[in-house]
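This report concerns only the one structure given below.
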Amino acid sequence: MKILVFLHGTIIMHKNAKGRTREEIVKQVMEGEKSVRDYFSYSPVGNAVNKLQTWKNQGAEISYLSSHTNSEDVKADEIVLKKHSFPDGKIYYRKSGEEYKNVVERIRPFPDVIIEDDCESIGGEIEMTYPNLKPEIKLKIKSIVVKEFNGIDRLPDKISELLSHQTK
């Protein structure tokens, strides 16, 4: 099973989010709190590392989707993932003029599951990946949406249960 997980706001967050409520973190992003742009200092949301490792141990292929649009900032993502012992996986990102849907549309084979947050702090569904995919591609991919900065801890431990998981 191929799982594509969105990075920023879903499984990693800026350093000054630590110890804050989800609502406070969303407000920090909306107000441009300075550590939001300090990409090298990002840390895991909840127990994301353990959850992803659990899935990888069951045979899942984990890849990541970055909010960044240049290789320099993606390098920061790579360093953060390695520093916090996230499972190895390719990081996909938007090239100039692309939207997230364009990134997923060029991944072959398609991921079986996309896990992303609801993008509350930056505009909601219009900024998300799955809702903007072509209908024929949506039929091939399971979407799981979590609340921004709530993490993936509540998702099933068994990868077989991800395909039937209902987003709330």
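By order of appearance in the structure tokens: chains A, B, ..., then residues from 1 within every chain, and ligands from 1 in the order shown.
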With 9 Å as the cut-off and only C-alpha atoms counted, what is the closest atom pair between each nearby residue of stretch 26-83 of chain A and stretch 3-9 of chain A? Distances in Å to one decimal, ordered by chain and number, as JSON lines.
```
{"residue": "A:Tyr42", "atom": "CA", "partner": "A:His8", "partner_atom": "CA", "distance": 8.8}
{"residue": "A:Val45", "atom": "CA", "partner": "A:Gly9", "partner_atom": "CA", "distance": 7.8}
{"residue": "A:Ala60", "atom": "CA", "partner": "A:Ile3", "partner_atom": "CA", "distance": 6.8}
{"residue": "A:Glu61", "atom": "CA", "partner": "A:Ile3", "partner_atom": "CA", "distance": 6.1}
{"residue": "A:Ile62", "atom": "CA", "partner": "A:Ile3", "partner_atom": "CA", "distance": 5.0}
{"residue": "A:Ser63", "atom": "CA", "partner": "A:Leu4", "partner_atom": "CA", "distance": 4.9}
{"residue": "A:Tyr64", "atom": "CA", "partner": "A:Val5", "partner_atom": "CA", "distance": 4.8}
{"residue": "A:Leu65", "atom": "CA", "partner": "A:Phe6", "partner_atom": "CA", "distance": 4.6}
{"residue": "A:Ser66", "atom": "CA", "partner": "A:Leu7", "partner_atom": "CA", "distance": 5.5}
{"residue": "A:Ser67", "atom": "CA", "partner": "A:His8", "partner_atom": "CA", "distance": 6.5}
{"residue": "A:Asp77", "atom": "CA", "partner": "A:Leu7", "partner_atom": "CA", "distance": 8.3}
```
Write the residues of the selection above to a file with N, CA and C atoms, as a PDB file, in the first residue's frame.
```pdb
ATOM      1  N   TYR A  42      11.138  22.675  12.579  1.00  0.00           N
ATOM      2  CA  TYR A  42       9.857  21.961  12.682  1.00  0.00           C
ATOM      3  C   TYR A  42      10.016  20.656  13.463  1.00  0.00           C
ATOM      4  N   VAL A  45       4.027  16.369  14.856  1.00  0.00           N
ATOM      5  CA  VAL A  45       2.730  16.582  15.501  1.00  0.00           C
ATOM      6  C   VAL A  45       2.383  15.269  16.186  1.00  0.00           C
ATOM      7  N   ALA A  60       3.719  -0.807   4.332  1.00  0.00           N
ATOM      8  CA  ALA A  60       3.312   0.411   3.628  1.00  0.00           C
ATOM      9  C   ALA A  60       4.535   1.134   3.084  1.00  0.00           C
ATOM     10  N   GLU A  61       4.363   1.715   1.912  1.00  0.00           N
ATOM     11  CA  GLU A  61       5.374   2.585   1.329  1.00  0.00           C
ATOM     12  C   GLU A  61       4.936   4.016   1.626  1.00  0.00           C
ATOM     13  N   ILE A  62       5.721   4.722   2.419  1.00  0.00           N
ATOM     14  CA  ILE A  62       5.372   6.070   2.857  1.00  0.00           C
ATOM     15  C   ILE A  62       6.072   7.088   1.966  1.00  0.00           C
ATOM     16  N   SER A  63       5.314   8.068   1.497  1.00  0.00           N
ATOM     17  CA  SER A  63       5.902   9.223   0.818  1.00  0.00           C
ATOM     18  C   SER A  63       5.235  10.473   1.382  1.00  0.00           C
ATOM     19  N   TYR A  64       5.824  11.601   1.103  1.00  0.00           N
ATOM     20  CA  TYR A  64       5.401  12.844   1.730  1.00  0.00           C
ATOM     21  C   TYR A  64       5.101  13.911   0.682  1.00  0.00           C
ATOM     22  N   LEU A  65       4.179  14.802   1.018  1.00  0.00           N
ATOM     23  CA  LEU A  65       3.845  15.937   0.169  1.00  0.00           C
ATOM     24  C   LEU A  65       4.149  17.210   0.946  1.00  0.00           C
ATOM     25  N   SER A  66       5.047  18.008   0.411  1.00  0.00           N
ATOM     26  CA  SER A  66       5.481  19.239   1.058  1.00  0.00           C
ATOM     27  C   SER A  66       4.671  20.429   0.553  1.00  0.00           C
ATOM     28  N   SER A  67       4.534  21.427   1.393  1.00  0.00           N
ATOM     29  CA  SER A  67       3.891  22.676   0.973  1.00  0.00           C
ATOM     30  C   SER A  67       4.873  23.569   0.227  1.00  0.00           C
ATOM     31  N   ASP A  77      12.782  20.103   4.889  1.00  0.00           N
ATOM     32  CA  ASP A  77      11.865  18.998   5.202  1.00  0.00           C
ATOM     33  C   ASP A  77      12.644  17.695   5.379  1.00  0.00           C
TER      34      ASP A  77
END
```
Extract the full set of strand (DSSP E or B) residues from chain A according to DSSP on the backbone, and format it as a list of chain:residue names.
->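 Taking chain A and keeping strand (DSSP E or B) only, one gets A:Lys2, A:Ile3, A:Leu4, A:Val5, A:Phe6, A:His8, A:Ile12, A:Met13, A:Ser43, A:Pro44, A:Glu61, A:Ile62, A:Ser63, A:Tyr64, A:Leu65, A:Ile91, A:Tyr92, A:Val113, A:Ile114, A:Ile115, A:Glu116, A:Asp117, A:Lys142, A:Ser143, A:Ile144, A:Val145, A:Val146.
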If you run DSSP on the backbone, which residues of chain A are helix (DSSP H, G or I), as a PyMOL selection string?
-> chain A and resi 15-17+22-30+34-37+39-41+48-57+71-83+100-106+120-122+124-127+130-132+135-138+159-162
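Counting only C-alpha atoms and comparing A:Met1, A:Gln166, A:Ile144, A:Glu120, the residue that lies closest to A:Arg22 is A:Glu120.
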Name all residues at most 8 Å from A:Glu105 (count only C-alpha atoms; drop same-chain ones fewer than 3 positions away) and give them as a PDB file with C-alpha atoms, in the first residue's frame.
```pdb
ATOM      1  CA  LYS A 101      -3.389  18.205  -7.438  1.00  0.00           C
ATOM      2  CA  ASN A 102      -0.772  18.514 -10.209  1.00  0.00           C
ATOM      3  CA  PHE A 110      -0.904   6.714  -7.703  1.00  0.00           C
ATOM      4  CA  LEU A 133      -8.159  16.083  -8.103  1.00  0.00           C
ATOM      5  CA  ILE A 137      -8.207  10.022 -10.146  1.00  0.00           C
TER       6      ILE A 137
END
```
Å distance separating atom CA of A:Leu52 from atom CA of A:Gly19, one decimal place = 21.9 Å
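Shortest separation to A:Lys140 among A:Lys90, A:Lys2, A:Lys18, A:Lys82 occurs at residue A:Lys2, atoms counted being only C-alpha atoms.
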Quick one: everything within 8 Å of A:Val80, counting only C-alpha atoms, minus sequence neighbours fewer than 2 positions away in the same chain. Send it as a list in words.
->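 What passes the distance filter is Phe40, Ser41, Tyr42, Ser43, Ala76, Asp77, Glu78, Lys82, Lys83 and His84 of chain A.
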Hey, could you make a per-residue contact list for stretch 26-135 of chain A against stretch 153-164 of chain A with 8 Å as the cut-off, showing the nearest pair of atoms and its distance in Å to one decimal, counting only C-alpha atoms, sorted by chain and number, as a tab-separated table?
```
residue	atom	partner	partner_atom	distance
A:Gly46	CA	A:Asp153	CA	6.6
A:Asn47	CA	A:Asp153	CA	5.9
A:Ala48	CA	A:Asp153	CA	6.3
A:Lys51	CA	A:Asp153	CA	6.6
A:Thr54	CA	A:Asp157	CA	6.7
A:Trp55	CA	A:Ile159	CA	5.8
A:Gln58	CA	A:Ile159	CA	7.1
A:Ala60	CA	A:Ile159	CA	7.3
A:Val113	CA	A:Leu163	CA	7.3
```
Shortest interatomic distance to A:Asp88 - which of A:Ser35, A:Asn57, A:Thr69, A:Thr10, counting only C-alpha atoms |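 Comparing A:Ser35, A:Asn57, A:Thr69, A:Thr10 against A:Asp88, the winner is A:Asn57.
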